[in-house]
>>> print(open('run01.cif').read())   # mmCIF, C-alpha atoms and all ligand atoms; chains and numbers go by the auth columns
data_run
loop_
_atom_site.group_PDB
_atom_site.id
_atom_site.type_symbol
_atom_site.label_atom_id
_atom_site.label_comp_id
_atom_site.label_asym_id
_atom_site.label_seq_id
_atom_site.Cartn_x
_atom_site.Cartn_y
_atom_site.Cartn_z
_atom_site.B_iso_or_equiv
_atom_site.auth_seq_id
_atom_site.auth_asym_id
ATOM 1 C CA MET A 1 -23.206 4.028 4.514 0.00 1 A
ATOM 2 C CA SER A 2 -23.903 1.289 1.965 0.00 2 A
ATOM 3 C CA ALA A 3 -24.060 -2.340 3.049 0.00 3 A
ATOM 4 C CA ALA A 4 -20.806 -3.081 1.187 0.00 4 A
ATOM 5 C CA THR A 5 -19.005 -0.132 2.804 0.00 5 A
ATOM 6 C CA HIS A 6 -20.285 -1.208 6.209 0.00 6 A
ATOM 7 C CA ARG A 7 -19.039 -4.759 5.596 0.00 7 A
ATOM 8 C CA TYR A 8 -15.577 -3.516 4.493 0.00 8 A
ATOM 9 C CA THR A 9 -15.378 -1.111 7.417 0.00 9 A
ATOM 10 C CA THR A 10 -16.213 -3.890 9.871 0.00 10 A
ATOM 11 C CA GLN A 11 -13.707 -6.248 8.218 0.00 11 A
ATOM 12 C CA CYS A 12 -10.955 -3.601 8.376 0.00 12 A
ATOM 13 C CA HIS A 13 -11.645 -2.699 11.995 0.00 13 A
ATOM 14 C CA ASP A 14 -11.626 -6.390 12.951 0.00 14 A
ATOM 15 C CA LEU A 15 -8.297 -6.845 11.160 0.00 15 A
ATOM 16 C CA VAL A 16 -6.771 -3.800 12.833 0.00 16 A
ATOM 17 C CA ALA A 17 -8.131 -4.761 16.254 0.00 17 A
ATOM 18 C CA ALA A 18 -6.301 -8.081 15.946 0.00 18 A
ATOM 19 C CA LEU A 19 -3.019 -6.264 15.332 0.00 19 A
ATOM 20 C CA ALA A 20 -1.011 -4.506 17.999 0.00 20 A
ATOM 21 C CA VAL A 21 -0.715 -1.198 16.206 0.00 21 A
ATOM 22 C CA PRO A 22 2.236 0.704 17.723 0.00 22 A
ATOM 23 C CA ASP A 23 1.305 3.782 19.708 0.00 23 A
ATOM 24 C CA PRO A 24 2.593 6.288 18.810 0.00 24 A
ATOM 25 C CA PHE A 25 2.348 4.895 15.331 0.00 25 A
ATOM 26 C CA ARG A 26 5.614 4.087 13.632 0.00 26 A
ATOM 27 C CA LEU A 27 5.476 2.516 10.192 0.00 27 A
ATOM 28 C CA ASP A 28 8.732 0.587 10.651 0.00 28 A
ATOM 29 C CA GLU A 29 7.478 -0.970 13.910 0.00 29 A
ATOM 30 C CA PHE A 30 4.125 -1.831 12.339 0.00 30 A
ATOM 31 C CA LEU A 31 5.813 -3.537 9.386 0.00 31 A
ATOM 32 C CA ALA A 32 8.148 -5.446 11.742 0.00 32 A
ATOM 33 C CA LEU A 33 5.061 -6.675 13.596 0.00 33 A
ATOM 34 C CA LEU A 34 3.535 -7.915 10.345 0.00 34 A
ATOM 35 C CA VAL A 35 6.768 -9.683 9.372 0.00 35 A
ATOM 36 C CA ALA A 36 6.804 -11.480 12.729 0.00 36 A
ATOM 37 C CA ARG A 37 3.132 -12.476 12.450 0.00 37 A
ATOM 38 C CA ARG A 38 3.113 -13.526 8.809 0.00 38 A
ATOM 39 C CA GLY A 39 6.593 -15.048 8.543 0.00 39 A
ATOM 40 C CA ARG A 40 7.200 -13.182 5.315 0.00 40 A
ATOM 41 C CA ARG A 41 9.678 -10.383 4.758 0.00 41 A
ATOM 42 C CA ILE A 42 8.423 -6.961 3.716 0.00 42 A
ATOM 43 C CA GLU A 43 10.623 -4.813 1.532 0.00 43 A
ATOM 44 C CA LEU A 44 9.936 -1.160 0.809 0.00 44 A
ATOM 45 C CA ARG A 45 10.970 -0.201 -2.697 0.00 45 A
ATOM 46 C CA PRO A 46 11.440 3.526 -3.406 0.00 46 A
ATOM 47 C CA THR A 47 9.122 4.400 -6.291 0.00 47 A
ATOM 48 C CA HIS A 48 8.078 7.406 -8.343 0.00 48 A
ATOM 49 C CA LEU A 49 4.377 7.407 -7.526 0.00 49 A
ATOM 50 C CA GLY A 50 3.789 11.140 -7.471 0.00 50 A
ATOM 51 C CA PRO A 51 2.128 13.236 -4.763 0.00 51 A
ATOM 52 C CA THR A 52 -1.430 12.492 -5.950 0.00 52 A
ATOM 53 C CA ALA A 53 -1.158 8.704 -6.198 0.00 53 A
ATOM 54 C CA THR A 54 -3.794 6.830 -4.233 0.00 54 A
ATOM 55 C CA CYS A 55 -2.486 3.297 -4.654 0.00 55 A
ATOM 56 C CA GLY A 56 0.794 1.471 -5.064 0.00 56 A
ATOM 57 C CA LEU A 57 1.022 -2.070 -6.329 0.00 57 A
ATOM 58 C CA PRO A 58 2.266 -4.697 -3.915 0.00 58 A
ATOM 59 C CA THR A 59 4.431 -7.459 -5.395 0.00 59 A
ATOM 60 C CA SER A 60 4.633 -10.916 -3.876 0.00 60 A
ATOM 61 C CA GLY A 61 7.739 -13.041 -4.207 0.00 61 A
ATOM 62 C CA GLU A 62 8.407 -16.463 -2.753 0.00 62 A
ATOM 63 C CA ASP A 63 9.065 -15.265 0.794 0.00 63 A
ATOM 64 C CA VAL A 64 8.791 -11.497 0.493 0.00 64 A
ATOM 65 C CA ASP A 65 6.144 -8.879 -0.136 0.00 65 A
ATOM 66 C CA ILE A 66 7.470 -5.763 -1.840 0.00 66 A
ATOM 67 C CA LEU A 67 5.595 -2.535 -1.197 0.00 67 A
ATOM 68 C CA GLU A 68 6.079 0.595 -3.223 0.00 68 A
ATOM 69 C CA HIS A 69 7.378 3.418 -1.069 0.00 69 A
ATOM 70 C CA PRO A 70 6.777 6.721 -2.826 0.00 70 A
ATOM 71 C CA ILE A 71 9.551 9.244 -2.930 0.00 71 A
ATOM 72 C CA ALA A 72 9.084 12.938 -3.623 0.00 72 A
ATOM 73 C CA THR A 73 5.987 13.176 -1.440 0.00 73 A
ATOM 74 C CA THR A 74 5.184 13.891 2.183 0.00 74 A
ATOM 75 C CA VAL A 75 5.934 11.414 4.963 0.00 75 A
ATOM 76 C CA GLU A 76 2.194 11.230 5.703 0.00 76 A
ATOM 77 C CA HIS A 77 1.276 10.451 2.083 0.00 77 A
ATOM 78 C CA ALA A 78 4.010 7.806 1.843 0.00 78 A
ATOM 79 C CA ARG A 79 2.769 6.213 5.071 0.00 79 A
ATOM 80 C CA ARG A 80 -0.839 6.070 3.843 0.00 80 A
ATOM 81 C CA LEU A 81 0.210 4.520 0.522 0.00 81 A
ATOM 82 C CA VAL A 82 2.272 1.837 2.242 0.00 82 A
ATOM 83 C CA LEU A 83 -0.600 1.082 4.640 0.00 83 A
ATOM 84 C CA HIS A 84 -2.988 0.968 1.672 0.00 84 A
ATOM 85 C CA GLN A 85 -0.813 -1.739 0.107 0.00 85 A
ATOM 86 C CA VAL A 86 -0.661 -3.605 3.426 0.00 86 A
ATOM 87 C CA GLY A 87 -4.461 -3.502 3.265 0.00 87 A
ATOM 88 C CA HIS A 88 -4.420 -5.185 -0.141 0.00 88 A
ATOM 89 C CA LEU A 89 -2.081 -7.857 1.270 0.00 89 A
ATOM 90 C CA LEU A 90 -4.024 -8.578 4.446 0.00 90 A
ATOM 91 C CA LEU A 91 -7.396 -8.481 2.713 0.00 91 A
ATOM 92 C CA GLY A 92 -6.190 -11.180 0.343 0.00 92 A
ATOM 93 C CA HIS A 93 -6.302 -9.128 -2.826 0.00 93 A
ATOM 94 C CA PRO A 94 -4.084 -10.575 -5.586 0.00 94 A
ATOM 95 C CA CYS A 95 -0.613 -9.043 -5.865 0.00 95 A
ATOM 96 C CA ARG A 96 1.736 -8.726 -8.803 0.00 96 A
ATOM 97 C CA SER A 97 4.338 -11.415 -9.268 0.00 97 A
ATOM 98 C CA VAL A 98 8.011 -10.488 -9.332 0.00 98 A
ATOM 99 C CA GLY A 99 7.967 -11.215 -13.081 0.00 99 A
ATOM 100 C CA GLN A 100 5.026 -8.875 -13.680 0.00 100 A
ATOM 101 C CA ALA A 101 6.749 -6.135 -11.659 0.00 101 A
ATOM 102 C CA ALA A 102 9.918 -6.514 -13.747 0.00 102 A
ATOM 103 C CA ALA A 103 7.891 -6.374 -16.981 0.00 103 A
ATOM 104 C CA ASP A 104 6.154 -3.211 -15.736 0.00 104 A
ATOM 105 C CA ALA A 105 9.549 -1.641 -14.936 0.00 105 A
ATOM 106 C CA ASP A 106 10.877 -2.582 -18.400 0.00 106 A
ATOM 107 C CA GLU A 107 7.833 -0.978 -20.005 0.00 107 A
ATOM 108 C CA ARG A 108 8.337 2.237 -18.033 0.00 108 A
ATOM 109 C CA ALA A 109 12.046 2.280 -18.940 0.00 109 A
ATOM 110 C CA ALA A 110 11.194 1.875 -22.647 0.00 110 A
ATOM 111 C CA VAL A 111 8.787 4.821 -22.510 0.00 111 A
ATOM 112 C CA ALA A 112 11.404 6.904 -20.659 0.00 112 A
ATOM 113 C CA ARG A 113 13.919 6.199 -23.444 0.00 113 A
ATOM 114 C CA LEU A 114 11.403 7.167 -26.128 0.00 114 A
ATOM 115 C CA LEU A 115 10.128 10.247 -24.303 0.00 115 A
ATOM 116 C CA PRO A 116 12.965 11.422 -22.051 0.00 116 A
ATOM 117 C CA GLY A 117 11.106 14.609 -21.128 0.00 117 A
ATOM 118 C CA LEU A 118 8.410 12.782 -19.179 0.00 118 A
ATOM 119 C CA SER A 119 8.821 12.518 -15.434 0.00 119 A
ATOM 120 C CA PRO A 120 8.903 9.024 -13.911 0.00 120 A
ATOM 121 C CA ALA A 121 5.714 9.823 -11.979 0.00 121 A
ATOM 122 C CA LEU A 122 3.875 10.837 -15.161 0.00 122 A
ATOM 123 C CA ILE A 123 5.033 7.696 -16.976 0.00 123 A
ATOM 124 C CA ARG A 124 3.720 5.603 -14.110 0.00 124 A
ATOM 125 C CA ARG A 125 0.405 7.417 -14.218 0.00 125 A
ATOM 126 C CA LEU A 126 0.109 7.015 -17.991 0.00 126 A
ATOM 127 C CA LEU A 127 0.971 3.307 -18.004 0.00 127 A
ATOM 128 C CA GLY A 128 -0.282 2.252 -14.664 0.00 128 A
ATOM 129 C CA SER A 129 -3.805 1.249 -14.036 0.00 129 A
ATOM 130 C CA SER A 130 -4.847 -0.450 -10.868 0.00 130 A
ATOM 131 C CA PRO A 131 -5.610 -4.150 -11.245 0.00 131 A
ATOM 132 C CA TYR A 132 -8.038 -3.866 -8.358 0.00 132 A
ATOM 133 C CA ALA A 133 -11.777 -3.444 -8.475 0.00 133 A
ATOM 134 C CA PRO A 134 -13.122 -0.212 -6.990 0.00 134 A
ATOM 135 C CA ALA A 135 -14.488 -2.164 -4.016 0.00 135 A
ATOM 136 C CA GLN A 136 -11.018 -3.593 -3.322 0.00 136 A
ATOM 137 C CA GLU A 137 -9.463 -0.129 -3.573 0.00 137 A
ATOM 138 C CA HIS A 138 -12.052 1.198 -1.164 0.00 138 A
ATOM 139 C CA ALA A 139 -11.393 -1.627 1.282 0.00 139 A
ATOM 140 C CA ALA A 140 -7.617 -0.994 1.182 0.00 140 A
ATOM 141 C CA TYR A 141 -8.284 2.709 1.763 0.00 141 A
ATOM 142 C CA LEU A 142 -10.508 1.869 4.746 0.00 142 A
ATOM 143 C CA PHE A 143 -7.807 -0.426 6.153 0.00 143 A
ATOM 144 C CA ALA A 144 -5.182 2.357 6.067 0.00 144 A
ATOM 145 C CA GLU A 145 -7.630 4.743 7.713 0.00 145 A
ATOM 146 C CA ALA A 146 -8.537 2.139 10.351 0.00 146 A
ATOM 147 C CA VAL A 147 -4.858 1.625 11.268 0.00 147 A
ATOM 148 C CA LEU A 148 -4.231 5.342 11.643 0.00 148 A
ATOM 149 C CA THR A 149 -7.530 5.967 13.437 0.00 149 A
ATOM 150 C CA ASN A 150 -6.831 3.098 15.819 0.00 150 A
ATOM 151 C CA ALA A 151 -3.427 4.514 16.717 0.00 151 A
ATOM 152 C CA GLY A 152 -4.871 8.007 17.105 0.00 152 A
ATOM 153 C CA ALA A 153 -7.809 6.834 19.226 0.00 153 A
ATOM 154 C CA ARG A 154 -5.564 5.061 21.677 0.00 154 A
ATOM 155 C CA ARG A 155 -3.286 8.075 21.888 0.00 155 A
ATOM 156 C CA GLN A 156 -6.272 10.281 22.764 0.00 156 A
ATOM 157 C CA CYS A 157 -7.443 7.796 25.420 0.00 157 A
ATOM 158 C CA GLY A 158 -4.000 7.302 26.892 0.00 158 A
HETATM 159 ZN ZN ZN B . -4.958 0.090 -4.022 0.00 1 B
#
>>> encode(input="run01.cif", output="structure tokens", more="lines below")
Ligand SMILES: [Zn+2]
Amino acid sequence: MSAATHRYTTQCHDLVAALAVPDPFRLDEFLALLVARRGRRIELRPTHLGPTATCGLPTSGEDVDILEHPIATTVEHARRLVLHQVGHLLLGHPCRSVGQAAADADERAAVARLLPGLSPALIRRLLGSSPYAPAQEHAAYLFAEAVLTNAGARRQCG
């Protein structure tokens, strides 16, 4: 394990240890816990991310964080993608503004009008590129894994 990976892993496990991750894990309960702790609403927005997406883009409004909730995928994949975005939020990675999110949606709609045969997921993949550095993506991935591992570890102990 590289020094950077070790540092991110430690940071993620510390973050998760400070949270009361529901056991058994329920995403809605976990998000409600975050809302109570952070004093900011969390809204899940159904999105065409596709079954192979590894990252959604969180959007921050004045008093709300909007997380992309992929449709047309498995419950497990959707849960990991939402937790990945929570990782970006809690690790302090910059989020899109509401204005940027609207501009992105307008761009996707324009492409859909020009090329109506393309699926929404493919359009997202063609236009979308993550604004995050690989190290930030890795840290968000580790956070999601730490949440799920934490819940699973306690279930095995209990
Ligand atoms: Zn990401």
>>> axis_aligned_box(input="run01.cif", around="segment 40-56 of chain A", padding_each_side="4 Å", output="AutoDock Vina command-line options")
--center_x 3.8 --center_y 0.0 --center_z -1.5 --size_x 23.2 --size_y 34.4 --size_z 21.7
>>> resolve_selection(input="run01.cif", expression="the PyMOL selection byres (((chain A and resi 43) around 9) and not hetatm)", output="PyMOL selection string")
chain A and resi 41-42+44-45+64-68
>>> write_last_selection(input="run01.cif", atoms="C-alpha atoms", output="mmCIF file, keeping the file's coordinate frame")
data_model
loop_
_atom_site.group_PDB
_atom_site.id
_atom_site.type_symbol
_atom_site.label_atom_id
_atom_site.label_comp_id
_atom_site.auth_asym_id
_atom_site.auth_seq_id
_atom_site.Cartn_x
_atom_site.Cartn_y
_atom_site.Cartn_z
ATOM 1 C CA ARG A 41 9.678 -10.383 4.758
ATOM 2 C CA ILE A 42 8.423 -6.961 3.716
ATOM 3 C CA LEU A 44 9.936 -1.160 0.809
ATOM 4 C CA ARG A 45 10.970 -0.201 -2.697
ATOM 5 C CA VAL A 64 8.791 -11.497 0.493
ATOM 6 C CA ASP A 65 6.144 -8.879 -0.136
ATOM 7 C CA ILE A 66 7.470 -5.763 -1.840
ATOM 8 C CA LEU A 67 5.595 -2.535 -1.197
ATOM 9 C CA GLU A 68 6.079 0.595 -3.223
#
>>> resolve_selection(input="run01.cif", expression="the PyMOL selection byres (((not hetatm)) within 12 of (chain B and resi 1))", output="PyMOL selection string")
chain A and resi 53-58+67-68+80-89+91+93-95+128-144
>>> closest_residue(input="run01.cif", among="A:Ala101, A:Pro51, A:Ala17, A:Thr9", to="Val75 of chain A", atoms="all atoms listed in the file")
A:Pro51
>>> residues_near_point(input="run01.cif", point="(9.1, 2.8, -7.2)", cutoff="7 Å", atoms="all atoms listed in the file", output="MDAnalysis selection string")
chainID A and resid 45:49 68:70
>>> atom_distance(input="run01.cif", atom1="atom CA of Arg113 of chain A", atom2="atom CA of Val98 of chain A")
22.6 Å
>>> residues_around(input="run01.cif", residues="segment 146-150 of chain A", least_positions_apart="5", cutoff="8 Å", atoms="all atoms listed in the file", output="list of chain:residue names")
A:Cys12, A:His13, A:Val16, A:Ala17, A:Val21, A:Phe25, A:Leu83
>>> write_last_selection(input="run01.cif", atoms="C-alpha atoms", output="PDB file, keeping the file's coordinate frame")
ATOM      1  CA  CYS A  12     -10.955  -3.601   8.376  1.00  0.00           C
ATOM      2  CA  HIS A  13     -11.645  -2.699  11.995  1.00  0.00           C
ATOM      3  CA  VAL A  16      -6.771  -3.800  12.833  1.00  0.00           C
ATOM      4  CA  ALA A  17      -8.131  -4.761  16.254  1.00  0.00           C
ATOM      5  CA  VAL A  21      -0.715  -1.198  16.206  1.00  0.00           C
ATOM      6  CA  PHE A  25       2.348   4.895  15.331  1.00  0.00           C
ATOM      7  CA  LEU A  83      -0.600   1.082   4.640  1.00  0.00           C
TER       8      LEU A  83
END
>>> atom_distance(input="run01.cif", atom1="atom CA of Glu107 of chain A", atom2="atom CA of Ser60 of chain A")
19.2 Å
>>> closest_residue(input="run01.cif", among="A:Ile71, A:Phe30, A:Glu62, A:His77", to="Gly99 of chain A", atoms="only C-alpha atoms")
A:Glu62
>>> decode(input="run01.cif", residues="segment 37-51 of chain A", atoms="N, CA and C atoms", output="mmCIF file, in the first residue's frame")
data_model
loop_
_atom_site.group_PDB
_atom_site.id
_atom_site.type_symbol
_atom_site.label_atom_id
_atom_site.label_comp_id
_atom_site.auth_asym_id
_atom_site.auth_seq_id
_atom_site.Cartn_x
_atom_site.Cartn_y
_atom_site.Cartn_z
ATOM 1 N N ARG A 37 -26.541 15.536 11.309
ATOM 2 C CA ARG A 37 -25.212 15.973 11.760
ATOM 3 C C ARG A 37 -24.750 17.245 11.065
ATOM 4 N N ARG A 38 -25.021 17.345 9.774
ATOM 5 C CA ARG A 38 -24.467 18.439 8.980
ATOM 6 C C ARG A 38 -25.413 19.626 8.880
ATOM 7 N N GLY A 39 -26.704 19.422 9.181
ATOM 8 C CA GLY A 39 -27.656 20.518 9.070
ATOM 9 C C GLY A 39 -27.908 20.949 7.635
ATOM 10 N N ARG A 40 -27.675 20.052 6.727
ATOM 11 C CA ARG A 40 -27.930 20.326 5.308
ATOM 12 C C ARG A 40 -28.770 19.189 4.760
ATOM 13 N N ARG A 41 -29.762 19.544 3.943
ATOM 14 C CA ARG A 41 -30.586 18.508 3.328
ATOM 15 C C ARG A 41 -29.772 17.737 2.303
ATOM 16 N N ILE A 42 -30.142 16.491 2.089
ATOM 17 C CA ILE A 42 -29.578 15.682 1.011
ATOM 18 C C ILE A 42 -30.728 15.235 0.138
ATOM 19 N N GLU A 43 -30.582 15.474 -1.147
ATOM 20 C CA GLU A 43 -31.617 15.079 -2.104
ATOM 21 C C GLU A 43 -30.999 14.083 -3.078
ATOM 22 N N LEU A 44 -31.694 12.983 -3.295
ATOM 23 C CA LEU A 44 -31.245 12.013 -4.295
ATOM 24 C C LEU A 44 -31.962 12.316 -5.602
ATOM 25 N N ARG A 45 -31.198 12.505 -6.647
ATOM 26 C CA ARG A 45 -31.787 12.821 -7.948
ATOM 27 C C ARG A 45 -31.590 11.643 -8.896
ATOM 28 N N PRO A 46 -32.687 11.011 -9.341
ATOM 29 C CA PRO A 46 -32.558 9.887 -10.274
ATOM 30 C C PRO A 46 -31.799 10.324 -11.533
ATOM 31 N N THR A 47 -30.801 9.524 -11.922
ATOM 32 C CA THR A 47 -29.910 9.918 -13.003
ATOM 33 C C THR A 47 -29.562 8.706 -13.860
ATOM 34 N N HIS A 48 -29.342 8.969 -15.137
ATOM 35 C CA HIS A 48 -28.892 7.925 -16.057
ATOM 36 C C HIS A 48 -27.375 7.835 -15.993
ATOM 37 N N LEU A 49 -26.855 7.060 -15.082
ATOM 38 C CA LEU A 49 -25.404 6.928 -14.963
ATOM 39 C C LEU A 49 -24.883 5.669 -15.641
ATOM 40 N N GLY A 50 -25.731 4.710 -15.862
ATOM 41 C CA GLY A 50 -25.267 3.481 -16.505
ATOM 42 C C GLY A 50 -24.675 2.520 -15.494
ATOM 43 N N PRO A 51 -24.737 1.211 -15.821
ATOM 44 C CA PRO A 51 -24.332 0.182 -14.853
ATOM 45 C C PRO A 51 -22.830 0.097 -14.619
#
